[in-house]
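A.B. asks: Below is the file data-v1.cif, with mmCIF, C-alpha atoms.
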data_work
#
loop_
_atom_site.group_PDB
_atom_site.id
_atom_site.type_symbol
_atom_site.label_atom_id
_atom_site.label_comp_id
_atom_site.auth_asym_id
_atom_site.auth_seq_id
_atom_site.Cartn_x
_atom_site.Cartn_y
_atom_site.Cartn_z
ATOM 1 C CA MET N 27 -65.899 273.318 -35.831
ATOM 2 C CA ILE N 28 -64.174 271.155 -33.230
ATOM 3 C CA GLY N 29 -66.375 268.090 -33.548
ATOM 4 C CA PRO N 30 -69.986 266.901 -33.681
ATOM 5 C CA ASP N 31 -72.744 267.981 -31.326
ATOM 6 C CA LYS N 32 -72.878 265.287 -28.648
ATOM 7 C CA ASN N 33 -76.551 266.087 -28.047
ATOM 8 C CA LYS N 34 -77.636 265.237 -31.594
ATOM 9 C CA ILE N 35 -79.176 261.858 -32.355
ATOM 10 C CA HIS N 36 -77.369 261.555 -35.700
ATOM 11 C CA PRO N 37 -74.075 263.488 -35.739
ATOM 12 C CA ASN N 38 -73.502 263.224 -39.487
ATOM 13 C CA PRO N 39 -76.441 263.340 -41.935
ATOM 14 C CA ASN N 40 -74.277 261.545 -44.491
ATOM 15 C CA VAL N 41 -74.044 258.510 -42.172
ATOM 16 C CA PRO N 42 -77.627 258.152 -40.889
ATOM 17 C CA SER N 43 -77.059 254.663 -39.461
ATOM 18 C CA VAL N 44 -74.851 256.081 -36.698
ATOM 19 C CA CYS N 45 -76.779 257.177 -33.621
ATOM 20 C CA PHE N 46 -75.505 258.813 -30.417
ATOM 21 C CA ILE N 47 -77.591 256.541 -28.193
ATOM 22 C CA LYS N 48 -77.416 258.697 -25.070
ATOM 23 C CA ASN N 49 -79.928 260.924 -26.821
ATOM 24 C CA ILE N 50 -82.543 258.242 -27.565
ATOM 25 C CA VAL N 51 -82.468 255.976 -24.499
ATOM 26 C CA LYS N 52 -85.410 256.475 -22.138
ATOM 27 C CA ASN N 53 -84.859 253.741 -19.544
ATOM 28 C CA PRO N 54 -83.298 255.371 -16.426
ATOM 29 C CA ASN N 55 -81.412 252.133 -15.723
ATOM 30 C CA ILE N 56 -79.501 252.422 -19.013
ATOM 31 C CA ILE N 57 -76.735 254.997 -18.640
ATOM 32 C CA ILE N 58 -74.768 255.992 -21.730
ATOM 33 C CA GLY N 59 -71.726 258.272 -22.022
ATOM 34 C CA ASP N 60 -71.223 261.088 -24.505
ATOM 35 C CA PHE N 61 -70.325 260.248 -28.125
ATOM 36 C CA THR N 62 -71.046 256.531 -27.735
ATOM 37 C CA TYR N 63 -72.815 255.295 -30.844
ATOM 38 C CA TYR N 64 -74.807 252.348 -32.129
ATOM 39 C CA ASP N 65 -74.571 251.680 -35.874
ATOM 40 C CA ASP N 66 -77.456 249.861 -37.581
ATOM 41 C CA PHE N 67 -78.562 250.845 -41.091
ATOM 42 C CA GLU N 68 -81.913 249.035 -40.706
ATOM 43 C CA SER N 69 -83.081 251.173 -37.791
ATOM 44 C CA ASN N 70 -80.675 254.126 -38.035
ATOM 45 C CA GLY N 71 -79.530 252.999 -34.611
ATOM 46 C CA GLU N 72 -82.634 254.294 -32.893
ATOM 47 C CA ASP N 73 -83.892 250.891 -31.710
ATOM 48 C CA PHE N 74 -80.964 250.350 -29.335
ATOM 49 C CA GLU N 75 -83.166 249.682 -26.294
ATOM 50 C CA LYS N 76 -84.705 246.694 -28.081
ATOM 51 C CA HIS N 77 -81.296 245.062 -27.891
ATOM 52 C CA VAL N 78 -81.367 245.102 -24.077
ATOM 53 C CA SER N 79 -83.427 242.093 -22.971
ATOM 54 C CA HIS N 80 -84.896 240.915 -19.649
ATOM 55 C CA HIS N 81 -84.287 244.317 -18.076
ATOM 56 C CA TYR N 82 -87.039 244.403 -15.475
ATOM 57 C CA PRO N 83 -87.433 247.457 -13.210
ATOM 58 C CA PHE N 84 -88.108 245.398 -10.067
ATOM 59 C CA ILE N 85 -84.622 243.888 -10.273
ATOM 60 C CA GLY N 86 -82.914 247.276 -10.503
ATOM 61 C CA ASP N 87 -79.793 246.260 -12.393
ATOM 62 C CA LYS N 88 -78.171 248.834 -14.640
ATOM 63 C CA LEU N 89 -76.524 248.792 -18.037
ATOM 64 C CA ILE N 90 -73.720 251.362 -17.889
ATOM 65 C CA ILE N 91 -71.777 252.243 -21.037
ATOM 66 C CA GLY N 92 -68.953 254.781 -21.017
ATOM 67 C CA LYS N 93 -67.941 257.484 -23.466
ATOM 68 C CA PHE N 94 -66.717 257.096 -27.055
ATOM 69 C CA CYS N 95 -67.810 253.479 -27.458
ATOM 70 C CA ALA N 96 -68.491 252.041 -30.926
ATOM 71 C CA ILE N 97 -71.245 249.407 -30.959
ATOM 72 C CA ALA N 98 -72.066 247.527 -34.159
ATOM 73 C CA LYS N 99 -75.459 246.183 -35.219
ATOM 74 C CA GLY N 100 -76.872 243.029 -33.696
ATOM 75 C CA ILE N 101 -75.648 243.745 -30.161
ATOM 76 C CA LYS N 102 -77.547 241.917 -27.426
ATOM 77 C CA PHE N 103 -77.273 242.757 -23.746
ATOM 78 C CA ILE N 104 -78.936 240.057 -21.635
ATOM 79 C CA MET N 105 -79.775 241.458 -18.220
ATOM 80 C CA ASN N 106 -80.359 239.726 -14.889
ATOM 81 C CA GLY N 107 -84.073 239.160 -15.473
ATOM 82 C CA ALA N 108 -83.098 236.281 -17.757
ATOM 83 C CA ASN N 109 -81.700 234.301 -14.819
ATOM 84 C CA HIS N 110 -83.935 231.596 -13.303
ATOM 85 C CA ARG N 111 -83.842 230.399 -9.731
ATOM 86 C CA MET N 112 -81.481 227.422 -9.584
ATOM 87 C CA ASN N 113 -81.690 226.225 -5.975
ATOM 88 C CA GLY N 114 -85.002 224.394 -6.384
ATOM 89 C CA ILE N 115 -85.863 221.021 -7.857
ATOM 90 C CA THR N 116 -86.892 222.799 -11.076
ATOM 91 C CA THR N 117 -85.754 225.993 -12.755
ATOM 92 C CA TYR N 118 -89.182 226.552 -14.367
ATOM 93 C CA PRO N 119 -90.482 230.105 -13.635
ATOM 94 C CA PHE N 120 -94.026 229.195 -12.527
ATOM 95 C CA ASN N 121 -94.712 232.682 -11.162
ATOM 96 C CA ILE N 122 -94.585 234.495 -14.505
ATOM 97 C CA MET N 123 -97.469 232.374 -15.802
ATOM 98 C CA GLY N 124 -99.889 233.768 -13.173
ATOM 99 C CA ASN N 125 -103.248 232.111 -12.570
ATOM 100 C CA GLY N 126 -102.320 231.136 -9.017
ATOM 101 C CA TRP N 127 -98.751 230.115 -9.780
ATOM 102 C CA GLU N 128 -97.513 233.513 -8.682
ATOM 103 C CA LYS N 129 -97.468 232.121 -5.128
ATOM 104 C CA ALA N 130 -94.093 230.654 -6.165
ATOM 105 C CA THR N 131 -92.587 234.092 -6.907
ATOM 106 C CA PRO N 132 -88.955 234.003 -5.728
ATOM 107 C CA LYS N 133 -87.364 236.704 -3.628
ATOM 108 C CA LEU N 134 -84.591 238.665 -5.310
ATOM 109 C CA GLU N 135 -82.048 237.075 -2.973
ATOM 110 C CA ASP N 136 -83.078 233.649 -4.310
ATOM 111 C CA LEU N 137 -82.112 234.587 -7.868
ATOM 112 C CA PRO N 138 -78.564 234.258 -9.255
ATOM 113 C CA LEU N 139 -78.187 237.982 -9.890
ATOM 114 C CA LYS N 140 -74.836 239.136 -11.253
ATOM 115 C CA GLY N 141 -75.071 242.899 -10.699
ATOM 116 C CA ASN N 142 -74.726 245.699 -13.211
ATOM 117 C CA THR N 143 -73.374 245.219 -16.722
ATOM 118 C CA ILE N 144 -70.618 247.773 -17.272
ATOM 119 C CA ILE N 145 -68.891 248.739 -20.504
ATOM 120 C CA GLY N 146 -65.937 251.087 -20.069
ATOM 121 C CA ASN N 147 -64.849 253.965 -22.274
ATOM 122 C CA ASP N 148 -63.477 253.677 -25.819
ATOM 123 C CA VAL N 149 -64.726 250.099 -26.209
ATOM 124 C CA TRP N 150 -65.353 248.711 -29.706
ATOM 125 C CA ILE N 151 -67.948 245.934 -29.942
ATOM 126 C CA GLY N 152 -68.283 244.099 -33.271
ATOM 127 C CA GLU N 153 -71.447 242.821 -34.969
ATOM 128 C CA ASN N 154 -73.800 240.312 -33.339
ATOM 129 C CA VAL N 155 -72.113 240.231 -29.946
ATOM 130 C CA THR N 156 -74.025 238.881 -26.932
ATOM 131 C CA ILE N 157 -73.119 240.127 -23.449
ATOM 132 C CA ILE N 158 -74.186 238.087 -20.426
ATOM 133 C CA PRO N 159 -75.462 239.732 -17.175
ATOM 134 C CA GLY N 160 -72.950 241.336 -14.834
ATOM 135 C CA VAL N 161 -70.032 241.416 -17.264
ATOM 136 C CA HIS N 162 -67.494 244.263 -17.061
ATOM 137 C CA ILE N 163 -65.698 245.117 -20.311
ATOM 138 C CA ARG N 164 -63.004 247.602 -19.378
ATOM 139 C CA ASP N 165 -61.629 250.693 -21.112
ATOM 140 C CA GLY N 166 -60.139 250.357 -24.570
ATOM 141 C CA ALA N 167 -61.142 246.732 -25.134
ATOM 142 C CA ILE N 168 -62.182 245.298 -28.511
ATOM 143 C CA ILE N 169 -64.792 242.522 -28.772
ATOM 144 C CA GLY N 170 -64.801 240.566 -32.041
ATOM 145 C CA ALA N 171 -67.944 239.906 -34.075
ATOM 146 C CA ASN N 172 -70.268 237.045 -33.030
ATOM 147 C CA SER N 173 -68.662 236.739 -29.598
ATOM 148 C CA VAL N 174 -70.500 235.739 -26.419
ATOM 149 C CA VAL N 175 -69.012 237.638 -23.481
ATOM 150 C CA ALA N 176 -69.568 235.758 -20.236
ATOM 151 C CA LYS N 177 -66.547 236.971 -18.245
ATOM 152 C CA ASP N 178 -64.891 240.317 -17.541
ATOM 153 C CA ILE N 179 -62.480 241.618 -20.179
ATOM 154 C CA ASP N 180 -59.323 243.478 -19.166
ATOM 155 C CA PRO N 181 -58.575 246.991 -20.465
ATOM 156 C CA TYR N 182 -57.050 247.341 -23.936
ATOM 157 C CA SER N 183 -57.523 243.638 -24.666
ATOM 158 C CA ILE N 184 -58.772 242.039 -27.883
ATOM 159 C CA ALA N 185 -61.257 239.266 -27.148
ATOM 160 C CA VAL N 186 -63.160 236.950 -29.491
ATOM 161 C CA GLY N 187 -65.195 233.765 -29.613
ATOM 162 C CA ASN N 188 -67.865 231.784 -27.797
ATOM 163 C CA PRO N 189 -67.080 231.820 -24.989
ATOM 164 C CA CYS N 190 -65.211 235.069 -25.530
ATOM 165 C CA ARG N 191 -61.551 234.956 -24.547
ATOM 166 C CA VAL N 192 -58.673 237.396 -24.714
ATOM 167 C CA VAL N 193 -56.335 236.638 -27.617
ATOM 168 C CA LYS N 194 -53.910 239.541 -27.203
ATOM 169 C CA LYS N 195 -53.321 242.905 -25.615
ATOM 170 C CA ARG N 196 -53.475 245.978 -27.813
ATOM 171 C CA PHE N 197 -50.357 247.495 -26.223
ATOM 172 C CA ASP N 198 -47.633 246.571 -23.764
ATOM 173 C CA ASP N 199 -48.378 246.882 -20.040
ATOM 174 C CA GLU N 200 -46.506 250.160 -19.662
ATOM 175 C CA THR N 201 -48.468 251.815 -22.462
ATOM 176 C CA ILE N 202 -51.767 250.485 -21.123
ATOM 177 C CA GLU N 203 -50.969 251.957 -17.711
ATOM 178 C CA LYS N 204 -50.229 255.328 -19.307
ATOM 179 C CA LEU N 205 -53.457 255.267 -21.310
ATOM 180 C CA LEU N 206 -55.533 254.432 -18.240
ATOM 181 C CA GLU N 207 -53.929 257.381 -16.459
ATOM 182 C CA LEU N 208 -54.461 259.631 -19.480
ATOM 183 C CA LYS N 209 -58.256 259.037 -19.643
ATOM 184 C CA TRP N 210 -58.501 261.030 -22.859
ATOM 185 C CA TRP N 211 -62.268 260.470 -23.001
ATOM 186 C CA ASP N 212 -62.647 262.846 -20.056
ATOM 187 C CA TRP N 213 -60.886 265.731 -21.836
ATOM 188 C CA ASP N 214 -62.866 268.727 -23.026
ATOM 189 C CA GLU N 215 -63.826 268.724 -26.686
ATOM 190 C CA GLU N 216 -61.246 271.331 -27.668
ATOM 191 C CA ARG N 217 -58.362 269.278 -26.282
ATOM 192 C CA ILE N 218 -59.654 266.172 -28.048
ATOM 193 C CA PHE N 219 -59.807 268.135 -31.308
ATOM 194 C CA ASP N 220 -56.240 269.391 -30.834
ATOM 195 C CA ASN N 221 -55.010 265.839 -30.247
ATOM 196 C CA LEU N 222 -56.900 263.932 -32.944
ATOM 197 C CA GLU N 223 -53.700 263.027 -34.811
ATOM 198 C CA ALA N 224 -52.013 261.626 -31.706
ATOM 199 C CA LEU N 225 -55.157 259.775 -30.599
ATOM 200 C CA THR N 226 -55.590 258.071 -33.942
ATOM 201 C CA ASN N 227 -51.984 257.164 -34.767
ATOM 202 C CA GLY N 228 -50.859 255.856 -31.381
ATOM 203 C CA ARG N 229 -48.212 258.526 -30.800
ATOM 204 C CA LEU N 230 -48.355 259.254 -27.087
ATOM 205 C CA ASP N 231 -45.371 261.551 -27.481
ATOM 206 C CA LEU N 232 -47.521 263.913 -29.579
ATOM 207 C CA ILE N 233 -50.135 264.423 -26.838
ATOM 208 C CA LYS N 234 -50.542 268.082 -25.964
#
As C-alpha cells, please, write out the structure in this file.
C.D. replies:
Amino acid sequence: MIGPDKNKIHPNPNVPSVCFIKNIVKNPNIIIGDFTYYDDFESNGEDFEKHVSHHYPFIGDKLIIGKFCAIAKGIKFIMNGANHRMNGITTYPFNIMGNGWEKATPKLEDLPLKGNTIIGNDVWIGENVTIIPGVHIRDGAIIGANSVVAKDIDPYSIAVGNPCRVVKKRFDDETIEKLLELKWWDWDEERIFDNLEALTNGRLDLIK
C-alpha cells in the first residue's frame, strides 16, 4: 500500500470521524481537492455542506478548497448570500419576505459581494473557525481554533483570534519560497509515499 484511497468517504475505518469531503459534496459550487478531510465525530464528517451557509445558486460564488487540507469540527463558511445591500437607507432585506416586497429585490451589482472563498493546499483549520465571504487562506497556513477569518492569510502563516491575525510565520522566507515552488501536494501518490519522512519532519534536504 502507498496510501489511502482518495475516492473513499472514510479512508480509515478505525477513525470514522474523518471524511474525505470531496466524495460527499454535491453542490457544484463547492470544489474540494483530493485527500482534504473534515473531522467531526458527531456526524462522521458527512454533514460538511451544512457548515457552508448563505450559499445561494443565483449569486454564483464558489467555495474552493485545495488538496490535503485538515478541517476540524465546527467550521463555518459564510458565503456572499449573507451580505445585505448597504447603499440604501435601510439594510433590511424586504425582498426575501415576499408578499409584494419582492419588488425591492436588489440587483447583484447592488450587493457587497466579495467573490469566491478560496482555501489553498495543506491548510490546517482548527475547531469552530468562521470564515467570512471572499477570504483567501493560502497554502500551508494554520488557523487557530475559534478564529474569525475576515482577511486573507499569507502562505505558511499561523493566524489566530477574532479578528484573525497572523502571529508568526511557520518558516523563514527562503524556505517558504522553496515550499511554494515544490508544491508537494501535486505529486503523484507514489512520490508522496516515498517522501513521507521528509514531508513530516521538515527536512527539505531529504526530498527525493
A.B. asks: Write out as an MDAnalysis selection string which residues come within 12 Å of N:Asp148 when counting only C-alpha atoms, dropping same-chain ones fewer than 5 positions away.
C.D. replies: chainID N and resid 59:63 91:97 163:169 181:183 205:206 209:212 225
A.B. asks: Taking all atoms of stretch 65-69 of chain N that appear in the file, build a box with edges along x, y and z, extend it by 6 Å on every side, and state its centre and edge lengths in Å to one decimal, as AutoDock Vina command-line options.
C.D. replies:
--center_x -78.8 --center_y 250.4 --center_z -38.5 --size_x 20.5 --size_y 14.6 --size_z 17.2
A.B. asks: Between N:Ile90, N:Ile47, N:Ala98, N:Ile58, which has the minimum distance to N:Phe74 (counting all atoms listed in the file)?
C.D. replies: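 When distances to N:Phe74 are compared using all atoms listed in the file, the smallest one comes from N:Ile47.
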A.B. asks: So which one's closest to N:Ser173, N:Asp65, N:Asn221, N:Asn147, N:Lys102? Using only C-alpha atoms, please.
C.D. replies: N:Lys102
A.B. asks: What does the distance from atom CA of N:Lys194 to atom CA of N:Asp178 come to in Å, to one decimal?
C.D. replies: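 We find that atom CA of N:Lys194 and atom CA of N:Asp178 lie 14.6 Å from each other.
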A.B. asks: As an exercise, work out the distance from atom CA of N:Asp136 to atom CA of N:Pro189 in Å and give it to one decimal place.
C.D. replies: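 Answer for the atom CA of N:Asp136 to atom CA of N:Pro189 separation: 26.2 Å.
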A.B. asks: Calculated over all atoms listed in the file, which of the candidates N:Thr143, N:Glu200, N:Asn49, N:Lys32 has the smallest distance to N:Ala176?
C.D. replies: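 Checking each candidate against N:Ala176, we get N:Thr143 as the closest.
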